[in-house]
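Listing of model22.json; format and content: JSON, C-alpha atoms and all ligand atoms.
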```json
[["chain", "number", "residue", "atom", "x", "y", "z"],
["T", 1, "MET", "CA", -16.57, -15.99, -19.75],
["T", 2, "LEU", "CA", -18.23, -14.61, -16.66],
["T", 3, "ALA", "CA", -21.51, -15.87, -15.38],
["T", 4, "CYS", "CA", -23.55, -14.33, -12.57],
["T", 5, "VAL", "CA", -25.26, -17.30, -10.97],
["T", 6, "ALA", "CA", -26.81, -15.83, -7.82],
["T", 7, "GLY", "CA", -27.41, -12.70, -5.76],
["T", 8, "PRO", "CA", -28.94, -9.31, -6.45],
["T", 9, "GLY", "CA", -26.87, -8.75, -9.57],
["T", 10, "ALA", "CA", -28.56, -10.37, -12.51],
["T", 11, "GLY", "CA", -28.89, -7.07, -14.41],
["T", 12, "LEU", "CA", -27.40, -3.60, -14.52],
["T", 13, "PHE", "CA", -26.96, -2.09, -11.06],
["T", 14, "ASP", "CA", -25.45, 0.96, -9.43],
["T", 15, "GLY", "CA", -23.47, 0.80, -6.20],
["T", 16, "ASP", "CA", -26.65, 0.39, -4.19],
["T", 17, "GLY", "CA", -27.83, -2.51, -6.32],
["T", 18, "ARG", "CA", -30.46, -0.47, -8.21],
["T", 19, "HIS", "CA", -31.16, -1.08, -11.90],
["T", 20, "ARG", "CA", -29.68, 1.51, -14.26],
["T", 21, "GLY", "CA", -31.06, 1.37, -17.77],
["T", 22, "PRO", "CA", -31.63, -1.51, -20.14],
["T", 23, "ILE", "CA", -29.60, -4.71, -20.15],
["T", 24, "PRO", "CA", -27.42, -4.92, -23.33],
["T", 25, "ALA", "CA", -28.55, -7.43, -25.94],
["T", 26, "ASP", "CA", -25.06, -8.95, -26.14],
["T", 27, "PRO", "CA", -24.92, -11.44, -23.23],
["T", 28, "ALA", "CA", -21.14, -11.07, -22.85],
["T", 29, "ALA", "CA", -21.47, -7.27, -22.54],
["T", 30, "ALA", "CA", -24.35, -7.68, -20.09],
["T", 31, "GLU", "CA", -22.26, -9.99, -17.91],
["T", 32, "LEU", "CA", -19.33, -7.58, -17.87],
["T", 33, "LEU", "CA", -21.56, -4.63, -16.98],
["T", 34, "ASP", "CA", -23.25, -6.72, -14.33],
["T", 35, "LEU", "CA", -19.97, -7.47, -12.59],
["T", 36, "TYR", "CA", -18.21, -4.14, -13.06],
["T", 37, "GLY", "CA", -21.16, -1.72, -13.00],
["T", 38, "PRO", "CA", -21.12, -1.18, -9.21],
["T", 39, "PHE", "CA", -17.46, -0.18, -9.41],
["T", 40, "LEU", "CA", -18.13, 2.41, -12.10],
["T", 41, "ALA", "CA", -21.22, 4.07, -10.61],
["T", 42, "SER", "CA", -20.96, 3.90, -6.85],
["T", 43, "GLY", "CA", -22.83, 7.17, -6.29],
["T", 44, "GLN", "CA", -21.05, 7.78, -2.97],
["T", 45, "ALA", "CA", -19.36, 11.01, -1.99],
["T", 46, "GLY", "CA", -15.95, 9.69, -0.91],
["T", 47, "PRO", "CA", -13.66, 7.22, -2.69],
["T", 48, "LEU", "CA", -14.93, 3.69, -3.37],
["T", 49, "VAL", "CA", -12.61, 1.19, -1.67],
["T", 50, "PHE", "CA", -12.68, -2.41, -2.88],
["T", 51, "ALA", "CA", -10.51, -5.46, -2.26],
["T", 52, "HIS", "CA", -9.87, -8.86, -3.82],
["T", 53, "LEU", "CA", -8.33, -12.06, -2.49],
["T", 54, "GLY", "CA", -7.79, -15.27, -4.43],
["T", 55, "GLN", "CA", -7.83, -18.24, -2.09],
["T", 56, "SER", "CA", -7.96, -22.01, -1.89],
["T", 57, "LEU", "CA", -10.97, -23.97, -0.66],
["T", 58, "ASP", "CA", -9.36, -23.94, 2.80],
["T", 59, "GLY", "CA", -8.95, -20.16, 2.85],
["T", 60, "ARG", "CA", -5.23, -19.85, 2.03],
["T", 61, "ILE", "CA", -3.83, -17.11, -0.23],
["T", 62, "ALA", "CA", -0.24, -18.41, -0.36],
["T", 63, "THR", "CA", 1.96, -21.21, 0.94],
["T", 64, "ASP", "CA", 3.79, -20.72, 4.23],
["T", 65, "ALA", "CA", 6.84, -19.66, 2.19],
["T", 66, "GLY", "CA", 4.73, -16.99, 0.48],
["T", 67, "GLU", "CA", 4.22, -18.58, -2.97],
["T", 68, "SER", "CA", 0.90, -17.46, -4.45],
["T", 69, "THR", "CA", 1.34, -17.56, -8.25],
["T", 70, "TYR", "CA", -1.09, -18.85, -9.09],
["T", 71, "ILE", "CA", -3.94, -20.05, -6.92],
["T", 72, "THR", "CA", -6.80, -18.80, -9.08],
["T", 73, "CYS", "CA", -7.41, -19.44, -12.78],
["T", 74, "GLN", "CA", -6.57, -17.39, -15.90],
["T", 75, "ALA", "CA", -10.08, -15.91, -16.03],
["T", 76, "ASN", "CA", -9.64, -14.59, -12.48],
["T", 77, "LEU", "CA", -6.25, -13.12, -13.40],
["T", 78, "ASP", "CA", -7.91, -11.26, -16.28],
["T", 79, "HIS", "CA", -10.49, -10.05, -13.77],
["T", 80, "LEU", "CA", -7.74, -8.86, -11.41],
["T", 81, "HIS", "CA", -6.22, -6.78, -14.20],
["T", 82, "ARG", "CA", -9.65, -5.33, -15.06],
["T", 83, "MET", "CA", -10.04, -4.33, -11.42],
["T", 84, "ARG", "CA", -6.64, -2.60, -11.60],
["T", 85, "ALA", "CA", -7.71, -0.82, -14.77],
["T", 86, "LEU", "CA", -10.88, 0.42, -13.04],
["T", 87, "ALA", "CA", -8.90, 1.80, -10.11],
["T", 88, "CYS", "CA", -7.07, 5.10, -9.62],
["T", 89, "ALA", "CA", -4.82, 3.42, -7.04],
["T", 90, "VAL", "CA", -3.85, -0.18, -6.30],
["T", 91, "VAL", "CA", -2.79, -0.83, -2.69],
["T", 92, "VAL", "CA", -0.66, -3.70, -1.37],
["T", 93, "GLY", "CA", 0.99, -4.48, 1.94],
["T", 94, "ALA", "CA", 4.73, -4.68, 2.44],
["T", 95, "GLY", "CA", 4.53, -8.46, 2.83],
["T", 96, "THR", "CA", 3.23, -8.76, -0.75],
["T", 97, "VAL", "CA", 6.01, -6.57, -2.12],
["T", 98, "ARG", "CA", 8.62, -8.58, -0.23],
["T", 99, "HIS", "CA", 7.31, -11.95, -1.44],
["T", 100, "ASP", "CA", 6.04, -11.21, -4.94],
["T", 101, "ASP", "CA", 8.04, -8.18, -6.12],
["T", 102, "PRO", "CA", 4.88, -7.29, -8.12],
["T", 103, "ARG", "CA", 4.57, -4.75, -10.93],
["T", 104, "LEU", "CA", 0.87, -4.06, -10.30],
["T", 105, "THR", "CA", 0.41, -2.78, -13.85],
["T", 106, "VAL", "CA", -2.41, -3.53, -16.31],
["T", 107, "ARG", "CA", -1.07, -6.04, -18.84],
["T", 108, "ARG", "CA", -3.68, -8.72, -19.50],
["T", 109, "VAL", "CA", -6.46, -6.31, -20.59],
["T", 110, "PRO", "CA", -6.59, -2.83, -22.15],
["T", 111, "GLY", "CA", -6.51, 0.00, -19.63],
["T", 112, "ARG", "CA", -4.40, 2.50, -17.73],
["T", 113, "HIS", "CA", -2.06, 1.55, -14.92],
["T", 114, "PRO", "CA", -3.31, 2.74, -11.52],
["T", 115, "ARG", "CA", -0.99, 4.62, -9.18],
["T", 116, "ARG", "CA", 0.77, 2.05, -6.95],
["T", 117, "ILE", "CA", 0.52, 2.38, -3.17],
["T", 118, "VAL", "CA", 2.57, 0.30, -0.72],
["T", 119, "ILE", "CA", 1.63, 0.21, 2.97],
["T", 120, "ASP", "CA", 4.87, -0.36, 4.87],
["T", 121, "THR", "CA", 4.04, 0.80, 8.40],
["T", 122, "GLU", "CA", 7.55, 0.54, 9.79],
["T", 123, "ARG", "CA", 9.22, 1.44, 6.45],
["T", 124, "ARG", "CA", 11.29, -1.70, 6.35],
["T", 125, "LEU", "CA", 11.33, -2.32, 2.59],
["T", 126, "ASP", "CA", 14.50, -1.33, 0.75],
["T", 127, "ASP", "CA", 14.69, -0.04, -2.82],
["T", 128, "ARG", "CA", 15.43, -3.37, -4.56],
["T", 129, "TYR", "CA", 11.81, -3.97, -5.61],
["T", 130, "ARG", "CA", 10.61, -3.38, -9.18],
["T", 131, "LEU", "CA", 7.83, -0.95, -8.42],
["T", 132, "PHE", "CA", 10.35, 1.39, -6.78],
["T", 133, "ARG", "CA", 12.55, 1.53, -9.87],
["T", 134, "ASP", "CA", 10.75, 0.49, -13.07],
["T", 135, "GLY", "CA", 9.26, 3.95, -13.74],
["T", 136, "GLU", "CA", 6.11, 2.39, -15.26],
["T", 137, "VAL", "CA", 3.76, 4.50, -13.14],
["T", 138, "GLU", "CA", 3.94, 6.55, -9.96],
["T", 139, "THR", "CA", 4.49, 4.62, -6.70],
["T", 140, "VAL", "CA", 3.81, 5.98, -3.20],
["T", 141, "VAL", "CA", 4.89, 4.36, 0.07],
["T", 142, "LEU", "CA", 2.70, 5.05, 3.10],
["T", 143, "CYS", "CA", 4.31, 4.51, 6.49],
["T", 144, "ALA", "CA", 3.75, 5.64, 10.08],
["T", 145, "HIS", "CA", 4.51, 9.35, 10.31],
["T", 146, "ASP", "CA", 7.30, 8.70, 12.85],
["T", 147, "ARG", "CA", 9.04, 6.38, 10.35],
["T", 148, "VAL", "CA", 9.37, 8.95, 7.56],
["T", 149, "ASP", "CA", 13.14, 9.31, 7.42],
["T", 150, "ARG", "CA", 13.52, 10.51, 3.83],
["T", 151, "ALA", "CA", 11.43, 11.84, 0.95],
["T", 152, "THR", "CA", 11.83, 8.96, -1.51],
["T", 153, "ILE", "CA", 12.77, 5.31, -1.91],
["T", 154, "GLY", "CA", 13.99, 4.65, -5.43],
["T", 155, "ASP", "CA", 11.51, 6.57, -7.62],
["T", 156, "ALA", "CA", 8.72, 6.31, -5.03],
["T", 157, "ARG", "CA", 7.51, 9.09, -2.77],
["T", 158, "ILE", "CA", 7.21, 8.37, 0.97],
["T", 159, "LEU", "CA", 4.25, 9.86, 2.84],
["T", 160, "GLY", "CA", 3.51, 9.62, 6.57],
["T", 161, "VAL", "CA", 0.16, 8.53, 8.04],
["T", 162, "PRO", "CA", -0.89, 8.64, 11.73],
["T", 163, "ARG", "CA", -0.56, 5.44, 13.74],
["T", 164, "ARG", "CA", -3.56, 3.62, 15.18],
["T", 165, "GLY", "CA", -2.80, 0.87, 17.68],
["T", 166, "ASP", "CA", 0.04, -1.33, 16.38],
["T", 167, "THR", "CA", -0.54, -0.35, 12.75],
["T", 168, "ILE", "CA", -1.48, 2.78, 10.81],
["T", 169, "ASP", "CA", -4.82, 4.53, 10.64],
["T", 170, "TYR", "CA", -6.56, 3.04, 7.59],
["T", 171, "ALA", "CA", -9.18, 5.79, 7.46],
["T", 172, "ALA", "CA", -6.26, 8.23, 7.24],
["T", 173, "VAL", "CA", -4.81, 6.13, 4.39],
["T", 174, "ILE", "CA", -8.03, 6.67, 2.45],
["T", 175, "ASP", "CA", -7.94, 10.41, 3.24],
["T", 176, "VAL", "CA", -4.36, 10.63, 1.93],
["T", 177, "LEU", "CA", -5.33, 8.80, -1.27],
["T", 178, "ALA", "CA", -8.43, 10.96, -1.70],
["T", 179, "GLY", "CA", -6.11, 13.97, -1.34],
["T", 180, "LEU", "CA", -4.07, 12.57, -4.23],
["T", 181, "GLY", "CA", -7.25, 12.54, -6.32],
["T", 182, "CYS", "CA", -8.01, 8.80, -6.05],
["T", 183, "ARG", "CA", -11.73, 8.07, -6.47],
["T", 184, "ARG", "CA", -11.48, 4.26, -6.78],
["T", 185, "ILE", "CA", -9.02, 2.45, -4.50],
["T", 186, "PHE", "CA", -8.28, -1.24, -5.10],
["T", 187, "VAL", "CA", -6.72, -3.17, -2.20],
["T", 188, "GLU", "CA", -5.08, -6.18, -3.83],
["T", 189, "GLY", "CA", -3.62, -7.90, -0.78],
["T", 190, "GLY", "CA", -2.27, -9.59, 1.03],
["T", 191, "GLY", "CA", -4.47, -11.08, 3.70],
["T", 192, "VAL", "CA", -3.17, -8.90, 6.54],
["T", 193, "THR", "CA", -3.76, -5.68, 4.62],
["T", 194, "VAL", "CA", -7.24, -6.60, 3.35],
["T", 195, "SER", "CA", -8.21, -7.81, 6.84],
["T", 196, "ARG", "CA", -7.10, -4.54, 8.41],
["T", 197, "PHE", "CA", -9.12, -2.48, 5.92],
["T", 198, "LEU", "CA", -12.17, -4.68, 6.63],
["T", 199, "ALA", "CA", -11.72, -4.64, 10.43],
["T", 200, "GLU", "CA", -11.47, -0.84, 10.42],
["T", 201, "GLY", "CA", -14.69, -0.47, 8.40],
["T", 202, "CYS", "CA", -12.70, 1.01, 5.50],
["T", 203, "LEU", "CA", -13.91, -1.29, 2.70],
["T", 204, "ASP", "CA", -16.99, -0.84, 0.52],
["T", 205, "ARG", "CA", -16.75, -4.08, -1.46],
["T", 206, "LEU", "CA", -14.82, -7.29, -0.85],
["T", 207, "GLN", "CA", -14.26, -9.91, -3.53],
["T", 208, "VAL", "CA", -13.07, -13.39, -2.62],
["T", 209, "ALA", "CA", -12.27, -15.76, -5.49],
["T", 210, "VAL", "CA", -12.27, -19.38, -4.37],
["T", 211, "ALA", "CA", -10.27, -21.89, -6.42],
["T", 212, "PRO", "CA", -10.89, -25.64, -6.26],
["T", 213, "MET", "CA", -7.53, -26.26, -4.59],
["T", 214, "ILE", "CA", -6.61, -27.41, -1.09],
["T", 215, "LEU", "CA", -3.31, -26.27, 0.43],
["T", 216, "GLY", "CA", -3.88, -27.59, 3.95],
["T", 217, "SER", "CA", -1.43, -25.00, 5.29],
["T", 218, "GLY", "CA", -0.20, -21.56, 4.30],
["T", 219, "ARG", "CA", -0.96, -17.88, 4.73],
["T", 220, "PRO", "CA", -4.54, -17.05, 5.64],
["T", 221, "GLY", "CA", -6.81, -14.79, 3.63],
["T", 222, "LEU", "CA", -9.10, -12.90, 6.00],
["T", 223, "ALA", "CA", -8.27, -12.90, 9.70],
["T", 224, "LEU", "CA", -10.37, -10.78, 12.08],
["T", 225, "PRO", "CA", -10.57, -10.59, 15.90],
["T", 226, "PRO", "CA", -12.24, -13.66, 17.50],
["T", 227, "LEU", "CA", -16.05, -13.73, 17.75],
["T", 228, "ALA", "CA", -17.86, -14.34, 21.03],
["T", 229, "ASN", "CA", -20.56, -16.25, 19.14],
["T", 230, "LEU", "CA", -21.76, -17.04, 15.63],
["T", 231, "SER", "CA", -24.45, -14.36, 15.62],
["T", 232, "GLU", "CA", -21.65, -11.78, 15.37],
["T", 233, "ALA", "CA", -20.45, -13.19, 12.03],
["T", 234, "LEU", "CA", -20.50, -10.81, 9.07],
["T", 235, "ARG", "CA", -23.14, -11.78, 6.50],
["T", 236, "PRO", "CA", -22.76, -9.25, 3.68],
["T", 237, "PRO", "CA", -25.14, -9.06, 0.73],
["T", 238, "THR", "CA", -23.27, -11.11, -1.87],
["T", 239, "ARG", "CA", -23.29, -11.72, -5.61],
["T", 240, "ILE", "CA", -21.76, -14.91, -6.99],
["T", 241, "PHE", "CA", -19.99, -15.22, -10.34],
["T", 242, "ARG", "CA", -18.47, -18.25, -12.06],
["T", 243, "MET", "CA", -14.99, -17.41, -13.37],
["T", 244, "GLY", "CA", -13.50, -20.40, -15.18],
["T", 245, "ASP", "CA", -13.06, -23.09, -12.53],
["T", 246, "ASP", "CA", -13.23, -20.51, -9.72],
["T", 247, "VAL", "CA", -16.16, -18.93, -7.93],
["T", 248, "LEU", "CA", -16.07, -15.21, -7.16],
["T", 249, "PHE", "CA", -18.00, -13.88, -4.16],
["T", 250, "ASP", "CA", -18.59, -10.13, -4.59],
["T", 251, "CYS", "CA", -19.68, -8.77, -1.20],
["T", 252, "ASP", "CA", -21.14, -5.40, -0.25],
["T", 253, "VAL", "CA", -19.44, -4.77, 3.10],
["T", 254, "ARG", "CA", -20.37, -1.12, 3.53],
["T", 255, "ARG", "CA", -22.88, -1.35, 6.33],
["T", 256, "LEU", "CA", -21.60, -4.31, 8.36],
["O", 1, "LIG", "N1", -3.88, -14.81, -3.35],
["O", 1, "LIG", "C1", -3.99, -13.49, -3.29],
["O", 1, "LIG", "O1", -5.04, -12.90, -3.58],
["O", 1, "LIG", "C2", -2.81, -12.69, -2.84],
["O", 1, "LIG", "C3", -2.79, -11.30, -3.05],
["O", 1, "LIG", "C4", -1.70, -10.58, -2.60],
["O", 1, "LIG", "C5", -0.67, -11.23, -1.95],
["O", 1, "LIG", "N2", -0.71, -12.57, -1.77],
["O", 1, "LIG", "C6", 0.33, -13.27, -1.01],
["O", 1, "LIG", "O2", 0.14, -12.89, 0.34],
["O", 1, "LIG", "C7", 1.39, -12.89, 1.02],
["O", 1, "LIG", "C8", 1.55, -11.55, 1.71],
["O", 1, "LIG", "O3", 0.39, -11.26, 2.43],
["O", 1, "LIG", "P1", 0.42, -10.96, 3.97],
["O", 1, "LIG", "O4", -0.97, -11.02, 4.45],
["O", 1, "LIG", "O5", 1.46, -11.82, 4.62],
["O", 1, "LIG", "O6", 1.01, -9.46, 4.04],
["O", 1, "LIG", "P2", 0.55, -8.09, 3.35],
["O", 1, "LIG", "O7", -0.87, -7.82, 3.68],
["O", 1, "LIG", "O8", 0.98, -8.01, 1.96],
["O", 1, "LIG", "O9", 1.50, -7.06, 4.14],
["O", 1, "LIG", "C9", 1.30, -6.78, 5.49],
["O", 1, "LIG", "C10", 2.31, -7.42, 6.32],
["O", 1, "LIG", "O10", 3.66, -7.22, 5.90],
["O", 1, "LIG", "C11", 4.45, -6.91, 7.06],
["O", 1, "LIG", "N3", 5.71, -6.34, 6.71],
["O", 1, "LIG", "C12", 6.00, -5.06, 6.53],
["O", 1, "LIG", "N4", 7.27, -4.89, 6.19],
["O", 1, "LIG", "C13", 7.83, -6.11, 6.19],
["O", 1, "LIG", "C14", 9.13, -6.58, 5.93],
["O", 1, "LIG", "N5", 10.13, -5.77, 5.61],
["O", 1, "LIG", "N6", 9.33, -7.89, 6.02],
["O", 1, "LIG", "C15", 8.34, -8.70, 6.34],
["O", 1, "LIG", "N7", 7.10, -8.31, 6.57],
["O", 1, "LIG", "C16", 6.85, -7.02, 6.50],
["O", 1, "LIG", "C17", 3.51, -6.01, 7.77],
["O", 1, "LIG", "O11", 3.89, -5.63, 8.99],
["O", 1, "LIG", "P3", 3.47, -4.18, 9.55],
["O", 1, "LIG", "O12", 2.60, -4.46, 10.70],
["O", 1, "LIG", "O13", 4.79, -3.59, 9.90],
["O", 1, "LIG", "O14", 2.78, -3.39, 8.48],
["O", 1, "LIG", "C18", 2.25, -6.88, 7.72],
["O", 1, "LIG", "O15", 2.31, -7.91, 8.65],
["O", 1, "LIG", "C19", 2.44, -13.14, -0.03],
["O", 1, "LIG", "O16", 2.83, -14.48, 0.07],
["O", 1, "LIG", "C20", 1.74, -12.90, -1.35],
["O", 1, "LIG", "O17", 2.26, -13.72, -2.36],
["O", 1, "LIG", "C21", -1.76, -13.31, -2.19]]
```
Represent the structure contained in this file as structure tokens.
Ligand SMILES: NC(=O)c1ccc[n+]([C@@H]2O[C@H](COP(=O)([O-])OP(=O)(O)OC[C@H]3O[C@@H](n4cnc5c(N)ncnc54)[C@H](OP(=O)(O)O)[C@@H]3O)[C@@H](O)[C@H]2O)c1
Amino acid sequence: MLACVAGPGAGLFDGDGRHRGPIPADPAAAELLDLYGPFLASGQAGPLVFAHLGQSLDGRIATDAGESTYITCQANLDHLHRMRALACAVVVGAGTVRHDDPRLTVRRVPGRHPRRIVIDTERRLDDRYRLFRDGEVETVVLCAHDRVDRATIGDARILGVPRRGDTIDYAAVIDVLAGLGCRRIFVEGGGVTVSRFLAEGCLDRLQVAVAPMILGSGRPGLALPPLANLSEALRPPTRIFRMGDDVLFDCDVRRL
């Protein structure tokens, strides 16, 4: 069961946090609409881009060896699958494909599989991974335009994106996905990929689920360029939900 315990979300809201209509009498339905409403009715012209990370109390999303199943609880895993079901496209970095060999399909809740997008800037992944060969739903690999050396990898299409610095242009990634008809884009990890979207101002909402677990080492969640002082820290408007033993921070990062 979800419970909204704090923040400007204790009702039905659109993407700007405004009330939309009456709150359902069924408390469970009201809680679900409260959490997922902003993802359904963003009201913005371009695609809505949202991300999720599940981390330990000390901000780790995986061990040093890359093991991450599972840090968060079953309720958060259900939530993750609902977020997939809400999305037109689910995006992961190459590091996540290499370590997890994920399917990225909707299995724990009813819903349609989103199109699967892998960001592999240097196009180093080979075709051994499941999402390149299982045929469950379309997969697209986005790499730097100068690394497009063929049209497909397994069943997946390869598309080129302009470079920006030592990675690819994340705004261009969103443009490519918008061109494919994606209106809701879910960035599911890992930490490097979500951090790059955030650093480039390409995220609308960021969800961080914190599990009562301490790893003491491991792969970091968010990592951004160093701050000169604390006043530069991002302080997004945030809603807080209990999710089993975990706490989910749902942050509006659009205008940071
Ligand atoms: N807890 C969670 O919410 C969660 C969610 C997803 C994943 N994970 C875990 O996060 C870890 C991966 O996250 P991440 O932040 O390290 O990476 P990531 O964001 O998934 O992927 C980006 C990184 O992968 C690199 N990469 C690209 N191709 C590679 C290759 N062939 N071999 C090795 N690296 C390659 C990228 O380099 P370029 O600069 O070339 O792009 C970039 O550094 C995994 O252990 C996964 O289990 C946790």
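Taking only C-alpha atoms and all ligand atoms into account, the residues that come within 6 Å of ligand LIG 1 (chain O) are T:Leu53, T:Gly54, T:Gln55, T:Ile61, T:Ala62, T:Gly66, T:Glu67, T:Ser68, T:Val92, T:Gly93, T:Ala94, T:Gly95, T:Thr96, T:His99, T:Asp100, T:Asp120, T:Thr121, T:Glu122, T:Arg124, T:Leu125, T:Thr167, T:Glu188, T:Gly189, T:Gly190, T:Gly191, T:Val192, T:Thr193.
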Near Asp146 in chain T, counting all atoms listed in the file, which residues have an atom at most 12 Å away, once you skip same-chain residues fewer than 3 positions from it, shown as a PyMOL selection string?
chain T and resi 121-123+142-143+149-150+158-163+167-168
As an exercise, work out the distance from CA of Asp127 in chain T to CA of Gly154 in chain T in Å and give it to one decimal place.
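Answer for the CA of Asp127 in chain T to CA of Gly154 in chain T separation: 5.4 Å.
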Env of range 181-186 of chain T: 7 Å cut, atoms = only C-alpha atoms, seq-sep filter 5 positions within chain, self excluded. Answer as a VMD selection string.
chain T and resid 47 to 51 84 87 to 91
Neighbour list for Val140 in chain T as a PyMOL selection string, cut-off 8 Å, all atoms listed in the file, skip fewer than 2 positions in-chain
chain T and resi 115-118+138+142+156-159
Between T:Val210, T:Pro220, T:Leu80, T:Ile71, which residue has the minimum interatomic distance to Arg242 in chain T, considering all atoms listed in the file?
T:Val210
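Applying the 9 Å criterion to (9.2, -2.0, -5.6) in file coordinates and using only C-alpha atoms, one obtains the residues Val97, Arg98, Asp101, Pro102, Arg103, Val118, Leu125, Asp126, Asp127, Arg128, Tyr129, Arg130, Leu131, Phe132, Arg133, Asp134, Thr139, Ile153, Gly154 and Ala156 of chain T.
Between Ala209 in chain T and the candidates T:Val253, T:Val141, T:Cys73, T:Leu234, the tightest atom-to-atom separation, counting all atoms listed in the file, involves T:Cys73.
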Ref. answer, residues at most 7 Å from (-1.2, -9.5, -11.0) with all atoms listed in the file, as number ranges by chain:
T: 77, 80-81, 104
Closest to Ala45 in chain T among T:Val247, T:Asp169, T:Leu215, T:Ala178, using only C-alpha atoms?
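Of T:Val247, T:Asp169, T:Leu215, T:Ala178, the one nearest Ala45 in chain T is T:Ala178, counting only C-alpha atoms.
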Ranking T:His145, T:Arg239, T:His52, T:Asp245 by minimum distance to Ser195 in chain T and counting all atoms listed in the file, which one comes first?
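Of the candidates, the smallest distance to Ser195 in chain T is held by T:His52.
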Distance CA of Ile214 in chain T-CA of Phe241 in chain T, one decimal place?
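So the two atoms, CA of Ile214 in chain T and CA of Phe241 in chain T, lie 20.3 Å apart.
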Using only C-alpha atoms, the shortest atom-to-atom distance to Pro225 in chain T among T:Cys251, T:Leu198, T:Val148, T:Val208 belongs to T:Leu198
Would you work out the distance separating CA of Ile119 in chain T from CA of Ala65 in chain T, expressed in Å to one decimal?
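Here the two named atoms are 20.6 Å from each other.
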Which one is closest to Ala223 in chain T: T:Arg205, T:Arg60, T:Ala211, T:Val137? Count all atoms listed in the file.
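Looking only at the distances to Ala223 in chain T, the closest residue turns out to be T:Arg60.
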Would you mind putting back all heavy atoms on range 183-188 of chain T, then writing it out as a CSV table (one decimal), keeping the file's coordinate frame?
```
chain,number,residue,atom,x,y,z
T,183,ARG,N,-10.3,8.3,-6.7
T,183,ARG,CA,-11.7,8.1,-6.5
T,183,ARG,C,-12.1,6.6,-6.3
T,183,ARG,O,-13.1,6.2,-5.8
T,183,ARG,CB,-12.5,8.6,-7.7
T,183,ARG,CG,-12.3,10.1,-7.9
T,183,ARG,CD,-13.2,10.9,-6.9
T,183,ARG,NE,-14.6,10.5,-7.0
T,183,ARG,CZ,-15.4,10.4,-6.0
T,183,ARG,NH1,-15.0,10.5,-4.8
T,183,ARG,NH2,-16.7,10.0,-6.2
T,184,ARG,N,-11.2,5.7,-6.9
T,184,ARG,CA,-11.5,4.3,-6.8
T,184,ARG,C,-10.2,3.6,-6.3
T,184,ARG,O,-9.2,3.7,-7.0
T,184,ARG,CB,-11.9,3.7,-8.1
T,184,ARG,CG,-13.4,4.0,-8.4
T,184,ARG,CD,-13.9,3.2,-9.6
T,184,ARG,NE,-13.3,3.7,-10.9
T,184,ARG,CZ,-13.7,4.7,-11.6
T,184,ARG,NH1,-14.8,5.3,-11.2
T,184,ARG,NH2,-13.1,5.1,-12.7
T,185,ILE,N,-10.2,3.0,-5.1
T,185,ILE,CA,-9.0,2.4,-4.5
T,185,ILE,C,-9.2,0.9,-4.4
T,185,ILE,O,-10.1,0.4,-3.8
T,185,ILE,CB,-8.9,3.1,-3.1
T,185,ILE,CG1,-8.7,4.6,-3.2
T,185,ILE,CG2,-7.7,2.4,-2.4
T,185,ILE,CD1,-8.9,5.3,-1.9
T,186,PHE,N,-8.2,0.2,-5.0
T,186,PHE,CA,-8.3,-1.2,-5.1
T,186,PHE,C,-7.2,-1.8,-4.2
T,186,PHE,O,-6.0,-1.6,-4.4
T,186,PHE,CB,-8.0,-1.7,-6.5
T,186,PHE,CG,-8.0,-3.2,-6.7
T,186,PHE,CD1,-8.8,-4.0,-6.0
T,186,PHE,CD2,-7.2,-3.7,-7.7
T,186,PHE,CE1,-8.9,-5.4,-6.2
T,186,PHE,CE2,-7.2,-5.1,-7.9
T,186,PHE,CZ,-8.0,-5.9,-7.2
T,187,VAL,N,-7.6,-2.5,-3.1
T,187,VAL,CA,-6.7,-3.2,-2.2
T,187,VAL,C,-6.5,-4.6,-2.7
T,187,VAL,O,-7.4,-5.4,-2.6
T,187,VAL,CB,-7.3,-3.1,-0.8
T,187,VAL,CG1,-6.2,-3.7,0.2
T,187,VAL,CG2,-7.7,-1.7,-0.4
T,188,GLU,N,-5.3,-4.9,-3.1
T,188,GLU,CA,-5.1,-6.2,-3.8
T,188,GLU,C,-4.4,-7.2,-2.9
T,188,GLU,O,-4.1,-8.3,-3.3
T,188,GLU,CB,-4.2,-5.9,-5.1
T,188,GLU,CG,-4.3,-7.1,-6.0
T,188,GLU,CD,-3.6,-6.9,-7.4
T,188,GLU,OE1,-3.9,-5.9,-8.0
T,188,GLU,OE2,-2.7,-7.7,-7.7
```
